[in-house]
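**Student:** File entry_29.pdb below, PDB, C-alpha atoms:
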```
ATOM      1  CA  MET A   1      11.229  15.100 -21.999
ATOM      2  CA  LYS A   2       7.903  16.449 -20.775
ATOM      3  CA  VAL A   3       4.929  14.087 -20.818
ATOM      4  CA  ILE A   4       1.295  15.141 -20.387
ATOM      5  CA  LEU A   5      -0.284  12.373 -18.327
ATOM      6  CA  MET A   6      -3.646  13.530 -16.859
ATOM      7  CA  LYS A   7      -3.849  10.534 -14.570
ATOM      8  CA  LYS A   8      -6.272  10.515 -11.660
ATOM      9  CA  LEU A   9      -4.710   9.796  -8.286
ATOM     10  CA  LEU A  10      -6.045   6.993  -6.079
ATOM     11  CA  GLU A  11      -7.704   5.559  -9.175
ATOM     12  CA  ALA A  12      -7.656   2.059  -7.696
ATOM     13  CA  ASN A  13     -10.390   2.957  -5.216
ATOM     14  CA  ASP A  14     -12.555   4.410  -7.983
ATOM     15  CA  ARG A  15     -12.093   1.369 -10.192
ATOM     16  CA  LEU A  16     -13.148  -0.971  -7.379
ATOM     17  CA  ALA A  17     -16.035   1.366  -6.591
ATOM     18  CA  GLU A  18     -17.323   0.899 -10.142
ATOM     19  CA  GLU A  19     -17.083  -2.871  -9.690
ATOM     20  CA  ASN A  20     -19.083  -2.558  -6.481
ATOM     21  CA  ARG A  21     -21.627  -0.429  -8.316
ATOM     22  CA  ALA A  22     -22.078  -3.212 -10.891
ATOM     23  CA  TYR A  23     -22.343  -5.829  -8.111
ATOM     24  CA  PHE A  24     -25.098  -3.880  -6.311
ATOM     25  CA  SER A  25     -26.939  -3.222  -9.541
ATOM     26  CA  GLY A  26     -26.767  -6.865 -10.568
ATOM     27  CA  ARG A  27     -28.395  -7.882  -7.284
ATOM     28  CA  HIS A  28     -31.095  -5.168  -7.264
ATOM     29  CA  LEU A  29     -29.610  -3.542  -4.187
ATOM     30  CA  LEU A  30     -29.864   0.146  -3.292
ATOM     31  CA  ALA A  31     -26.518   0.827  -1.641
ATOM     32  CA  VAL A  32     -26.603   3.753   0.807
ATOM     33  CA  ASN A  33     -23.347   5.198   2.149
ATOM     34  CA  LEU A  34     -24.319   6.595   5.557
ATOM     35  CA  MET A  35     -21.744   9.020   6.942
ATOM     36  CA  GLY A  36     -21.522  11.312   9.935
ATOM     37  CA  SER A  37     -19.495  12.174  13.024
ATOM     38  CA  PRO A  38     -19.100   9.634  15.827
ATOM     39  CA  GLY A  39     -22.339   9.695  17.845
ATOM     40  CA  SER A  40     -24.350  11.481  15.149
ATOM     41  CA  GLY A  41     -26.977   8.724  15.285
ATOM     42  CA  LYS A  42     -26.163   6.604  12.229
ATOM     43  CA  THR A  43     -26.916   3.202  13.774
ATOM     44  CA  THR A  44     -30.098   4.481  15.433
ATOM     45  CA  LEU A  45     -31.177   5.907  12.081
ATOM     46  CA  ILE A  46     -30.685   2.586  10.295
ATOM     47  CA  SER A  47     -32.613   0.781  13.012
ATOM     48  CA  ALA A  48     -35.505   3.255  12.847
ATOM     49  CA  VAL A  49     -35.770   3.512   9.073
ATOM     50  CA  ALA A  50     -35.693  -0.281   8.680
ATOM     51  CA  LYS A  51     -38.859  -0.444  10.836
ATOM     52  CA  GLU A  52     -40.521   1.985   8.403
ATOM     53  CA  LEU A  53     -39.760  -0.220   5.384
ATOM     54  CA  PRO A  54     -41.482  -3.499   6.257
ATOM     55  CA  GLY A  55     -41.707  -4.843   2.707
ATOM     56  CA  ILE A  56     -38.065  -4.221   1.790
ATOM     57  CA  PRO A  57     -35.146  -6.402   2.947
ATOM     58  CA  VAL A  58     -32.523  -4.331   4.782
ATOM     59  CA  GLY A  59     -28.912  -5.248   5.402
ATOM     60  CA  VAL A  60     -25.955  -3.329   6.734
ATOM     61  CA  VAL A  61     -22.203  -3.325   6.339
ATOM     62  CA  GLU A  62     -20.909  -1.775   9.565
ATOM     63  CA  GLY A  63     -17.633   0.107   9.596
ATOM     64  CA  ASP A  64     -15.919   0.840  12.896
ATOM     65  CA  ILE A  65     -12.334   1.002  14.022
ATOM     66  CA  ALA A  66     -13.026  -1.706  16.577
ATOM     67  CA  SER A  67     -15.836  -3.732  18.215
ATOM     68  CA  SER A  68     -18.984  -5.268  16.806
ATOM     69  CA  ILE A  69     -21.390  -3.304  19.014
ATOM     70  CA  ASP A  70     -23.336  -1.840  16.093
ATOM     71  CA  ALA A  71     -23.632  -5.011  14.037
ATOM     72  CA  GLU A  72     -24.846  -6.969  17.067
ATOM     73  CA  LYS A  73     -27.446  -4.319  17.898
ATOM     74  CA  LEU A  74     -28.882  -4.441  14.388
ATOM     75  CA  GLU A  75     -28.754  -8.241  14.141
ATOM     76  CA  LYS A  76     -31.022  -8.406  17.217
ATOM     77  CA  GLN A  77     -33.595  -6.504  15.158
ATOM     78  CA  GLY A  78     -33.334  -8.979  12.329
ATOM     79  CA  ILE A  79     -31.157  -6.834  10.071
ATOM     80  CA  ARG A  80     -28.446  -8.878   8.370
ATOM     81  CA  SER A  81     -25.156  -7.300   9.350
ATOM     82  CA  ALA A  82     -21.509  -7.655   8.515
ATOM     83  CA  GLN A  83     -18.981  -5.891  10.739
ATOM     84  CA  ILE A  84     -15.790  -4.494   9.282
ATOM     85  CA  ASN A  85     -13.136  -3.398  11.762
ATOM     86  CA  THR A  86     -10.771  -1.032  10.054
ATOM     87  CA  CYS A  87      -8.169  -1.289  12.829
ATOM     88  CA  GLY A  88      -7.340   2.402  12.677
ATOM     89  CA  GLU A  89      -8.263   3.352   9.115
ATOM     90  CA  CYS A  90     -10.421   6.475   9.365
ATOM     91  CA  HIS A  91     -12.843   5.638   6.569
ATOM     92  CA  LEU A  92     -14.119   2.692   4.582
ATOM     93  CA  ASP A  93     -12.765   2.239   1.099
ATOM     94  CA  SER A  94     -14.191   0.311  -1.779
ATOM     95  CA  HIS A  95     -12.228  -2.902  -1.440
ATOM     96  CA  VAL A  96     -13.491  -3.723   2.066
ATOM     97  CA  ILE A  97     -17.117  -3.045   1.092
ATOM     98  CA  ARG A  98     -17.254  -5.978  -1.278
ATOM     99  CA  ASP A  99     -16.168  -8.412   1.462
ATOM    100  CA  GLY A 100     -18.885  -7.109   3.769
ATOM    101  CA  ALA A 101     -21.551  -7.251   1.079
ATOM    102  CA  GLU A 102     -20.632 -10.803   0.133
ATOM    103  CA  GLN A 103     -20.883 -11.850   3.767
ATOM    104  CA  ILE A 104     -24.484 -10.632   3.912
ATOM    105  CA  ASP A 105     -25.203 -12.092   0.474
ATOM    106  CA  MET A 106     -28.431 -10.169  -0.233
ATOM    107  CA  ARG A 107     -30.211 -10.535  -3.558
ATOM    108  CA  ASP A 108     -32.649  -7.613  -3.268
ATOM    109  CA  GLY A 109     -33.326  -4.662  -0.991
ATOM    110  CA  ILE A 110     -31.494  -1.792   0.642
ATOM    111  CA  ILE A 111     -27.955  -2.238   1.871
ATOM    112  CA  PHE A 112     -26.672   0.426   4.240
ATOM    113  CA  ILE A 113     -22.960   0.985   4.485
ATOM    114  CA  GLU A 114     -22.502   2.614   7.872
ATOM    115  CA  ASN A 115     -19.215   4.420   7.444
ATOM    116  CA  VAL A 116     -16.665   5.083  10.171
ATOM    117  CA  GLY A 117     -17.662   8.069  12.326
ATOM    118  CA  ASN A 118     -15.798  10.915  10.634
ATOM    119  CA  LEU A 119     -16.903  14.194   9.064
ATOM    120  CA  ILE A 120     -13.900  14.508   6.740
ATOM    121  CA  CYS A 121     -12.333  11.460   5.100
ATOM    122  CA  PRO A 122     -15.329   9.418   3.901
ATOM    123  CA  ALA A 123     -16.156  12.242   1.474
ATOM    124  CA  GLU A 124     -13.056  11.328  -0.533
ATOM    125  CA  PHE A 125     -13.796   7.649  -1.082
ATOM    126  CA  ASP A 126     -16.421   6.461  -3.531
ATOM    127  CA  LEU A 127     -17.620   3.043  -2.366
ATOM    128  CA  GLY A 128     -19.877   2.263  -5.320
ATOM    129  CA  GLU A 129     -22.984   3.466  -3.511
ATOM    130  CA  ALA A 130     -26.132   4.792  -5.218
ATOM    131  CA  THR A 131     -26.938   7.339  -2.506
ATOM    132  CA  ARG A 132     -24.838   9.296  -0.026
ATOM    133  CA  VAL A 133     -26.588  10.240   3.200
ATOM    134  CA  LEU A 134     -25.080  12.423   5.897
ATOM    135  CA  ALA A 135     -26.356  12.146   9.478
ATOM    136  CA  ALA A 136     -25.690  15.548  11.073
ATOM    137  CA  SER A 137     -26.787  15.827  14.697
ATOM    138  CA  VAL A 138     -28.139  18.961  16.377
ATOM    139  CA  PRO A 139     -25.631  18.898  19.301
ATOM    140  CA  GLU A 140     -22.767  19.137  16.780
ATOM    141  CA  GLY A 141     -23.858  22.698  16.056
ATOM    142  CA  ASP A 142     -25.528  24.650  13.262
ATOM    143  CA  ASP A 143     -22.233  25.919  11.830
ATOM    144  CA  LYS A 144     -20.918  22.557  10.632
ATOM    145  CA  PRO A 145     -21.968  23.050   6.955
ATOM    146  CA  PHE A 146     -19.728  26.148   6.900
ATOM    147  CA  LYS A 147     -16.747  24.291   8.334
ATOM    148  CA  TYR A 148     -16.926  20.886   6.674
ATOM    149  CA  THR A 149     -17.604  21.840   3.072
ATOM    150  CA  PRO A 150     -16.244  18.661   1.415
ATOM    151  CA  MET A 151     -18.639  16.426   3.383
ATOM    152  CA  PHE A 152     -21.704  18.683   3.202
ATOM    153  CA  SER A 153     -21.277  19.170  -0.547
ATOM    154  CA  TYR A 154     -20.784  15.420  -1.072
ATOM    155  CA  ALA A 155     -24.063  14.220   0.471
ATOM    156  CA  ASP A 156     -27.165  13.575  -1.651
ATOM    157  CA  ALA A 157     -29.373  13.894   1.440
ATOM    158  CA  VAL A 158     -28.868  15.205   4.972
ATOM    159  CA  VAL A 159     -30.672  13.770   7.993
ATOM    160  CA  LEU A 160     -30.646  16.265  10.861
ATOM    161  CA  THR A 161     -30.825  13.999  13.927
ATOM    162  CA  LYS A 162     -31.659  14.636  17.612
ATOM    163  CA  CYS A 163     -33.979  17.526  16.744
ATOM    164  CA  ASP A 164     -35.531  17.246  20.196
ATOM    165  CA  LEU A 165     -32.348  18.938  21.475
ATOM    166  CA  LYS A 166     -32.617  22.114  19.356
ATOM    167  CA  GLU A 167     -33.728  24.356  22.178
ATOM    168  CA  ALA A 168     -31.369  22.822  24.723
ATOM    169  CA  VAL A 169     -28.302  23.587  22.596
ATOM    170  CA  GLY A 170     -29.527  26.779  20.937
ATOM    171  CA  PHE A 171     -29.492  25.321  17.428
ATOM    172  CA  ASP A 172     -30.209  27.891  14.704
ATOM    173  CA  THR A 173     -31.923  25.909  11.947
ATOM    174  CA  GLU A 174     -31.861  28.844   9.554
ATOM    175  CA  ASN A 175     -28.106  29.176   9.898
ATOM    176  CA  PHE A 176     -27.646  25.447   9.307
ATOM    177  CA  SER A 177     -29.828  25.629   6.177
ATOM    178  CA  LYS A 178     -27.962  28.685   4.931
ATOM    179  CA  GLY A 179     -24.621  26.892   5.243
ATOM    180  CA  LEU A 180     -25.953  23.799   3.558
ATOM    181  CA  ARG A 181     -27.710  25.669   0.719
ATOM    182  CA  ALA A 182     -24.449  27.407  -0.165
ATOM    183  CA  VAL A 183     -22.806  24.098  -1.060
ATOM    184  CA  SER A 184     -25.580  21.632  -1.774
ATOM    185  CA  LYS A 185     -29.092  21.086  -3.086
ATOM    186  CA  ALA A 186     -29.536  18.031  -0.831
ATOM    187  CA  PRO A 187     -32.905  17.682   0.944
ATOM    188  CA  VAL A 188     -32.863  17.821   4.753
ATOM    189  CA  PHE A 189     -34.889  15.347   6.834
ATOM    190  CA  GLU A 190     -35.356  16.459  10.442
ATOM    191  CA  VAL A 191     -35.741  13.512  12.815
ATOM    192  CA  SER A 192     -35.965  12.776  16.499
ATOM    193  CA  LEU A 193     -35.358   9.169  17.556
ATOM    194  CA  LYS A 194     -35.081   9.586  21.310
ATOM    195  CA  ASP A 195     -35.153   6.322  23.235
ATOM    196  CA  GLY A 196     -38.584   5.715  24.766
ATOM    197  CA  ALA A 197     -40.269   8.530  22.829
ATOM    198  CA  GLN A 198     -42.354   8.538  19.652
ATOM    199  CA  PRO A 199     -40.038   8.696  16.606
ATOM    200  CA  LEU A 200     -40.538  11.926  14.644
ATOM    201  CA  GLY A 201     -39.761  12.671  11.002
ATOM    202  CA  ILE A 202     -38.517   9.206  10.100
ATOM    203  CA  ALA A 203     -41.386   8.397   7.720
ATOM    204  CA  LYS A 204     -40.323  11.108   5.240
ATOM    205  CA  PHE A 205     -36.751   9.805   5.130
ATOM    206  CA  ALA A 206     -38.041   6.241   4.680
ATOM    207  CA  GLU A 207     -40.185   7.478   1.780
ATOM    208  CA  TYR A 208     -37.122   9.089   0.184
ATOM    209  CA  LEU A 209     -35.218   5.794   0.318
ATOM    210  CA  LYS A 210     -38.234   3.773  -0.823
ATOM    211  CA  GLU A 211     -38.572   5.953  -3.928
ATOM    212  CA  LYS A 212     -34.917   5.380  -4.768
ATOM    213  CA  TYR A 213     -35.287   1.640  -4.223
ATOM    214  CA  LEU A 214     -38.392   1.425  -6.423
ATOM    215  CA  ALA A 215     -36.566   3.357  -9.137
ATOM    216  CA  LEU A 216     -33.892   0.632  -9.408
ATOM    217  CA  LYS A 217     -33.951  -1.172 -12.729
TER     218      LYS A 217
ATOM    219  CA  MET B 218      -5.253  13.686   5.020
ATOM    220  CA  HIS B 219      -4.301  10.613   3.002
ATOM    221  CA  GLU B 220      -1.070  11.903   1.672
ATOM    222  CA  LEU B 221       0.889   8.663   2.133
ATOM    223  CA  PRO B 222      -1.270   6.489  -0.168
ATOM    224  CA  VAL B 223      -1.299   9.403  -2.607
ATOM    225  CA  VAL B 224       2.496   9.553  -2.597
ATOM    226  CA  LEU B 225       2.806   5.804  -3.059
ATOM    227  CA  ASP B 226       0.376   6.045  -5.963
ATOM    228  CA  ILE B 227       2.473   8.819  -7.562
ATOM    229  CA  ILE B 228       5.692   6.809  -7.220
ATOM    230  CA  ARG B 229       4.076   3.635  -8.575
ATOM    231  CA  THR B 230       2.686   5.535 -11.557
ATOM    232  CA  MET B 231       6.071   7.103 -12.290
ATOM    233  CA  GLU B 232       7.794   3.722 -12.113
ATOM    234  CA  GLU B 233       5.345   2.376 -14.708
ATOM    235  CA  GLU B 234       5.995   5.425 -16.882
ATOM    236  CA  THR B 235       9.778   5.061 -16.731
ATOM    237  CA  LYS B 236       9.474   1.419 -17.822
ATOM    238  CA  LYS B 237       7.029   2.316 -20.608
ATOM    239  CA  ARG B 238       9.178   5.134 -22.006
ATOM    240  CA  GLY B 239      12.646   3.829 -21.185
ATOM    241  CA  LEU B 240      13.432   6.729 -18.836
ATOM    242  CA  LYS B 241      15.946   6.523 -15.990
ATOM    243  CA  LYS B 242      15.004   9.548 -13.947
ATOM    244  CA  ILE B 243      11.968  11.749 -13.187
ATOM    245  CA  THR B 244      12.906  15.374 -12.504
ATOM    246  CA  GLU B 245       9.526  17.064 -12.059
ATOM    247  CA  ILE B 246       5.920  16.016 -11.396
ATOM    248  CA  ASP B 247       2.985  18.439 -11.864
ATOM    249  CA  LEU B 248       0.020  17.788  -9.577
ATOM    250  CA  VAL B 249      -3.441  19.350  -9.817
ATOM    251  CA  ILE B 250      -5.259  19.399  -6.484
ATOM    252  CA  GLY B 251      -8.760  20.780  -5.912
ATOM    253  CA  GLU B 252      -9.445  22.641  -2.669
ATOM    254  CA  LEU B 253     -12.139  20.187  -1.573
ATOM    255  CA  SER B 254      -9.787  17.215  -1.739
ATOM    256  CA  SER B 255      -8.262  17.724   1.745
ATOM    257  CA  ILE B 256      -4.667  17.155   0.646
ATOM    258  CA  VAL B 257      -1.889  19.138   2.305
ATOM    259  CA  ASP B 258       1.143  19.987   0.122
ATOM    260  CA  GLU B 259       3.671  19.886   2.952
ATOM    261  CA  SER B 260       2.618  16.372   3.941
ATOM    262  CA  VAL B 261       2.802  15.173   0.342
ATOM    263  CA  GLN B 262       6.269  16.726   0.036
ATOM    264  CA  MET B 263       7.434  15.154   3.308
ATOM    265  CA  TYR B 264       6.232  11.633   2.504
ATOM    266  CA  PHE B 265       7.474  11.930  -1.056
ATOM    267  CA  GLU B 266      11.026  12.792  -0.044
ATOM    268  CA  ILE B 267      11.203   9.652   2.058
ATOM    269  CA  ALA B 268       9.280   7.228  -0.132
ATOM    270  CA  ALA B 269      11.007   8.296  -3.378
ATOM    271  CA  GLU B 270      14.491   7.368  -2.174
ATOM    272  CA  GLY B 271      15.940   4.615  -4.333
ATOM    273  CA  THR B 272      13.255   5.045  -6.993
ATOM    274  CA  PRO B 273      13.440   6.884 -10.347
ATOM    275  CA  CYS B 274      11.582   9.743  -8.573
ATOM    276  CA  ALA B 275      14.334  10.435  -6.031
ATOM    277  CA  ASN B 276      14.889  14.220  -5.738
ATOM    278  CA  ALA B 277      12.150  15.018  -8.253
ATOM    279  CA  LYS B 278      10.509  18.415  -7.839
ATOM    280  CA  LEU B 279       6.808  18.375  -6.999
ATOM    281  CA  VAL B 280       4.792  21.260  -8.447
ATOM    282  CA  PHE B 281       1.368  21.866  -6.874
ATOM    283  CA  ASP B 282      -1.357  23.567  -8.913
ATOM    284  CA  HIS B 283      -4.281  24.293  -6.593
ATOM    285  CA  ARG B 284      -7.719  24.627  -8.101
ATOM    286  CA  PRO B 285     -10.285  26.517  -6.057
ATOM    287  CA  ALA B 286     -13.901  25.457  -6.049
ATOM    288  CA  MET B 287     -16.045  27.596  -8.361
ATOM    289  CA  LEU B 288     -18.905  29.612  -6.902
ATOM    290  CA  GLN B 289     -21.895  31.177  -8.612
ATOM    291  CA  CYS B 290     -23.600  34.341  -7.363
ATOM    292  CA  THR B 291     -27.301  33.831  -6.666
ATOM    293  CA  VAL B 292     -27.979  37.483  -7.557
ATOM    294  CA  CYS B 293     -25.960  38.404 -10.656
ATOM    295  CA  LYS B 294     -25.288  34.766 -11.695
ATOM    296  CA  ARG B 295     -21.577  35.336 -12.441
ATOM    297  CA  LYS B 296     -19.160  32.533 -11.641
ATOM    298  CA  PHE B 297     -15.891  33.094  -9.818
ATOM    299  CA  PRO B 298     -13.240  31.078  -7.977
ATOM    300  CA  HIS B 299     -13.688  30.643  -4.227
ATOM    301  CA  GLY B 300     -11.358  32.944  -2.296
ATOM    302  CA  LYS B 301     -12.015  33.912   1.289
ATOM    303  CA  ASP B 302     -15.778  33.671   1.576
ATOM    304  CA  PHE B 303     -19.017  33.122  -0.307
ATOM    305  CA  LEU B 304     -19.696  36.789  -1.169
ATOM    306  CA  CYS B 305     -19.778  37.756  -4.837
ATOM    307  CA  PRO B 306     -16.806  40.037  -5.699
ATOM    308  CA  TYR B 307     -18.942  41.755  -8.376
ATOM    309  CA  CYS B 308     -22.177  42.602  -6.564
ATOM    310  CA  GLY B 309     -21.725  41.368  -2.970
ATOM    311  CA  GLY B 310     -24.542  38.811  -3.235
ATOM    312  CA  ASP B 311     -24.537  35.367  -1.600
ATOM    313  CA  SER B 312     -23.136  32.615  -3.768
ATOM    314  CA  VAL B 313     -23.300  28.835  -3.968
ATOM    315  CA  LEU B 314     -20.868  26.089  -4.874
ATOM    316  CA  VAL B 315     -20.866  24.970  -8.502
ATOM    317  CA  GLN B 316     -21.295  21.240  -7.958
ATOM    318  CA  GLY B 317     -18.402  19.054  -9.016
ATOM    319  CA  THR B 318     -15.774  21.798  -8.890
ATOM    320  CA  GLY B 319     -12.845  21.817  -6.485
ATOM    321  CA  ARG B 320     -12.469  18.035  -6.507
ATOM    322  CA  GLU B 321      -9.697  17.705  -9.091
ATOM    323  CA  PHE B 322      -6.931  15.349  -8.092
ATOM    324  CA  TYR B 323      -4.513  14.185 -10.766
ATOM    325  CA  ILE B 324      -1.001  14.097 -12.186
ATOM    326  CA  ARG B 325      -1.134  16.533 -15.103
ATOM    327  CA  SER B 326       2.373  15.970 -16.455
ATOM    328  CA  TYR B 327       5.950  15.081 -15.608
ATOM    329  CA  ASP B 328       9.472  15.678 -16.858
ATOM    330  CA  GLY B 329      12.065  12.942 -17.082
ATOM    331  CA  GLY B 330      15.159  11.785 -18.889
ATOM    332  CA  GLN B 331      18.126   9.506 -18.895
ATOM    333  CA  GLY B 332      19.703  10.864 -15.735
TER     334      GLY B 332
END
```
As a first step, turn the structure in this file into structure tokens.
**Tutor:**
Amino acid sequence: MKVILMKKLLEANDRLAEENRAYFSGRHLLAVNLMGSPGSGKTTLISAVAKELPGIPVGVVEGDIASSIDAEKLEKQGIRSAQINTCGECHLDSHVIRDGAEQIDMRDGIIFIENVGNLICPAEFDLGEATRVLAASVPEGDDKPFKYTPMFSYADAVVLTKCDLKEAVGFDTENFSKGLRAVSKAPVFEVSLKDGAQPLGIAKFAEYLKEKYLALK
Amino acid sequence: MHELPVVLDIIRTMEEETKKRGLKKITEIDLVIGELSSIVDESVQMYFEIAAEGTPCANAKLVFDHRPAMLQCTVCKRKFPHGKDFLCPYCGGDSVLVQGTGREFYIRSYDGGQG
């Protein structure tokens, strides 16, 4: 006998993601899923944007395959951090997020989920976040939106990091924008957060997040 | 890339279905997979053949229905399925992704019986 089923695959992740969504909402938390390749500048971005949001509590759930380097770095700045080591899993999924969030135990503010460095897999796993941000760095090349369509079409906002390196690597901003515009209406925030130099462009991205936070019910 | 958990999910779902409907054997499973879901048929097939052994799904045929993402031409506004590139097949204009398309990922139907 033939049976029409229409059942979504990997539904378990989505169901837990909805539970996470309710958890974040109940605690007045703006959950931000921050994705990007290894070395794209995710941790640096969290550190910099937190400094631009003095009135808003910021916490982070750090996802890495191993080590607690990132969580420790952010803790030193006064950002409550929980480190999740995925031990080989290439992305975070919704069931580990809840553990991390409960460790930080925030009741208000912005909670960053710094995903595992990976430009492919995180785009398949809803974590229950309100906003998806992709950190794309200039040295990765201006053709990445053409090659990594699932990730670039998934993000609600793109932060183009390490803009001070555009000339050094021959980055064609127009080409990058063209590739992104073909698959997404996400705004692009160009930043430069070079160690020892004046941070550039971070205020606009902070404003974007602040607006989303203030819009929470 | 996550074909193994997908396969385990398929087998688990089919086991629930056989219990619910009193079936002994699943002979065919129809899968709908969008092009932006990063799932490779051959890997699904390979994991399935191994993981299905000893279950009601053993030797079931997997049928893959691929759904392309839909694009919309920025010039003539027509919509069309994504093929090779982002150029409109009607007027040659640049086109953009229709948001939300190409992400389908589900079991549409299956065939089973008493063995």
**Student:** Considering only C-alpha atoms, tabulate each residue of chain A that lies at most 7 Å from chain B along with its nearest interatomic pair and the corresponding distance in Å to one decimal; arrange the rows by chain and ascending residue number and present them as a tab-separated table.
**Tutor:**
```
residue	atom	partner	partner_atom	distance
A:Met1	CA	B:Gly329	CA	5.4
A:Lys2	CA	B:Asp328	CA	4.3
A:Val3	CA	B:Ser326	CA	5.4
A:Ile4	CA	B:Ser326	CA	4.2
A:Leu5	CA	B:Ser326	CA	4.8
A:Met6	CA	B:Arg325	CA	4.3
A:Lys7	CA	B:Ile324	CA	5.1
A:Lys8	CA	B:Tyr323	CA	4.2
A:Leu9	CA	B:Tyr323	CA	5.0
A:Leu10	CA	B:Val223	CA	6.4
A:Glu124	CA	B:Ser254	CA	6.8
A:Pro150	CA	B:Leu253	CA	5.3
A:Ala182	CA	B:Val313	CA	4.2
A:Val183	CA	B:Leu314	CA	4.7
```
**Student:** Expand the PyMOL selection byres ((chain A and resi 63) around 9) into the explicit residue set it covers here, and present it as number ranges by chain.
**Tutor:** A: 61-62, 64-66, 70, 82-86, 91-92, 113-117
**Student:** Can you measure atom CA of A:Asp93 to atom CA of A:Glu18 for me? One decimal in Å is fine.
**Tutor:**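 Value for the atom CA of A:Asp93-atom CA of A:Glu18 distance: 12.2 Å.
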**Student:** Once the PyMOL selection byres ((chain B and resi 310) around 8) is applied to the coordinates I shared, what remains selected? I want it as an NGL selection string.
**Tutor:** :B and (290-293 or 304-305 or 308-309 or 311-312)
**Student:** Could you write those residues out with C-alpha atoms, as a PDB file, keeping the file's coordinate frame?
**Tutor:**
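Generated file (result-v8.pdb):
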```
ATOM      1  CA  CYS B 290     -23.600  34.341  -7.363  1.00  0.00           C
ATOM      2  CA  THR B 291     -27.301  33.831  -6.666  1.00  0.00           C
ATOM      3  CA  VAL B 292     -27.979  37.483  -7.557  1.00  0.00           C
ATOM      4  CA  CYS B 293     -25.960  38.404 -10.656  1.00  0.00           C
ATOM      5  CA  LEU B 304     -19.696  36.789  -1.169  1.00  0.00           C
ATOM      6  CA  CYS B 305     -19.778  37.756  -4.837  1.00  0.00           C
ATOM      7  CA  CYS B 308     -22.177  42.602  -6.564  1.00  0.00           C
ATOM      8  CA  GLY B 309     -21.725  41.368  -2.970  1.00  0.00           C
ATOM      9  CA  ASP B 311     -24.537  35.367  -1.600  1.00  0.00           C
ATOM     10  CA  SER B 312     -23.136  32.615  -3.768  1.00  0.00           C
TER      11      SER B 312
END
```
**Student:** Could you list, as a PyMOL selection string, every residue within 12 Å of stretch 51-57 of chain A, counting all atoms listed in the file and ignoring same-chain residues fewer than 4 positions away?
**Tutor:** chain A and resi 28-30+44-47+74+77-81+104-112+199-211+213-214
**Student:** Return as a ChimeraX atom specification the set of residues that the PyMOL selection byres ((chain A and resi 188) around 6) yields on the displayed structure.
**Tutor:** /A:158-159,187,189
**Student:** Could you please determine the separation between atom CA of A:Glu129 and atom CA of A:Ser37 in Å, to one decimal place?
**Tutor:** 19.0 Å
**Student:** Report, in Å to a single decimal, how far apart atom CA of A:Ser153 and atom CA of A:Asp14 are.
**Tutor:**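 We find that atom CA of A:Asp14 and atom CA of A:Ser153 lie 18.7 Å from each other.
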**Student:** For A:Gly59, which residue out of A:Ala17, A:Val138, A:Val96, A:Ala101 is the nearest one, using only C-alpha atoms?
**Tutor:**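 That would be A:Ala101, the residue with the smallest distance to A:Gly59.
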**Student:** Between A:Val133, A:Glu72, A:Asp164, A:Gly100, which is the closest to A:Ala197 once you count all atoms listed in the file?
**Tutor:**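 With all atoms listed in the file as the atom set, the closest residue is A:Asp164.
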**Student:** In the coordinates of the file, take the point (-26.4, 13.8, 7.7) and a cut-off of 12 Å; then, counting all atoms listed in the file, name each qualifying protein, DNA or RNA residue as a ChimeraX atom specification.
**Tutor:** /A:33-42,45,114-115,117-119,132-138,140,144-145,148,151-162,176,180,186-191,205
**Student:** Leaving out A:Gly170 and any residue of its chain fewer than 4 positions from it, which residues lie within 10 Å of it when counting only C-alpha atoms, given as a short mmCIF file (atom, residue, chain, number, x, y, z; two decimals) with C-alpha atoms, keeping the file's coordinate frame?
**Tutor:**
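Output (around-v7.cif):
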```cif
data_model
loop_
_atom_site.label_atom_id
_atom_site.label_comp_id
_atom_site.auth_asym_id
_atom_site.auth_seq_id
_atom_site.Cartn_x
_atom_site.Cartn_y
_atom_site.Cartn_z
CA VAL A 138 -28.14 18.96 16.38
CA PRO A 139 -25.63 18.90 19.30
CA GLY A 141 -23.86 22.70 16.06
CA ASP A 142 -25.53 24.65 13.26
CA LEU A 165 -32.35 18.94 21.48
CA LYS A 166 -32.62 22.11 19.36
#
```
**Student:** With distances taken over all atoms listed in the file, which of B:Lys278, B:Gly251, B:Lys296, B:Lys242 is nearest to B:Glu266?
**Tutor:**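 Nearest candidate to B:Glu266 out of B:Lys278, B:Gly251, B:Lys296, B:Lys242: B:Lys278.
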**Student:** Tell me which protein, DNA and RNA residues are within 9 Å of A:Arg21, counting all atoms listed in the file, leaving out same-chain ones fewer than 5 positions away, and put them as a VMD selection string.
**Tutor:** chain A and resid 16 26 31 127 to 130
**Student:** Which residue, B:Leu221, B:Val257, B:Met287, B:Cys274, has the smallest gap to B:Glu233 when you use all atoms listed in the file?
**Tutor:**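 Comparing B:Leu221, B:Val257, B:Met287, B:Cys274 against B:Glu233, the winner is B:Cys274.
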**Student:** As JSON, please report the centre and edge lengths, rounded to one decimal in Å, of the axis-aligned box that holds all listed atoms of stretch 281-292 of chain B with 4 Å of padding on each of the six sides.
**Tutor:**
```
{"center_x": -13.3, "center_y": 29.7, "center_z": -7.5, "size_x": 37.3, "size_y": 23.6, "size_z": 10.9}
```
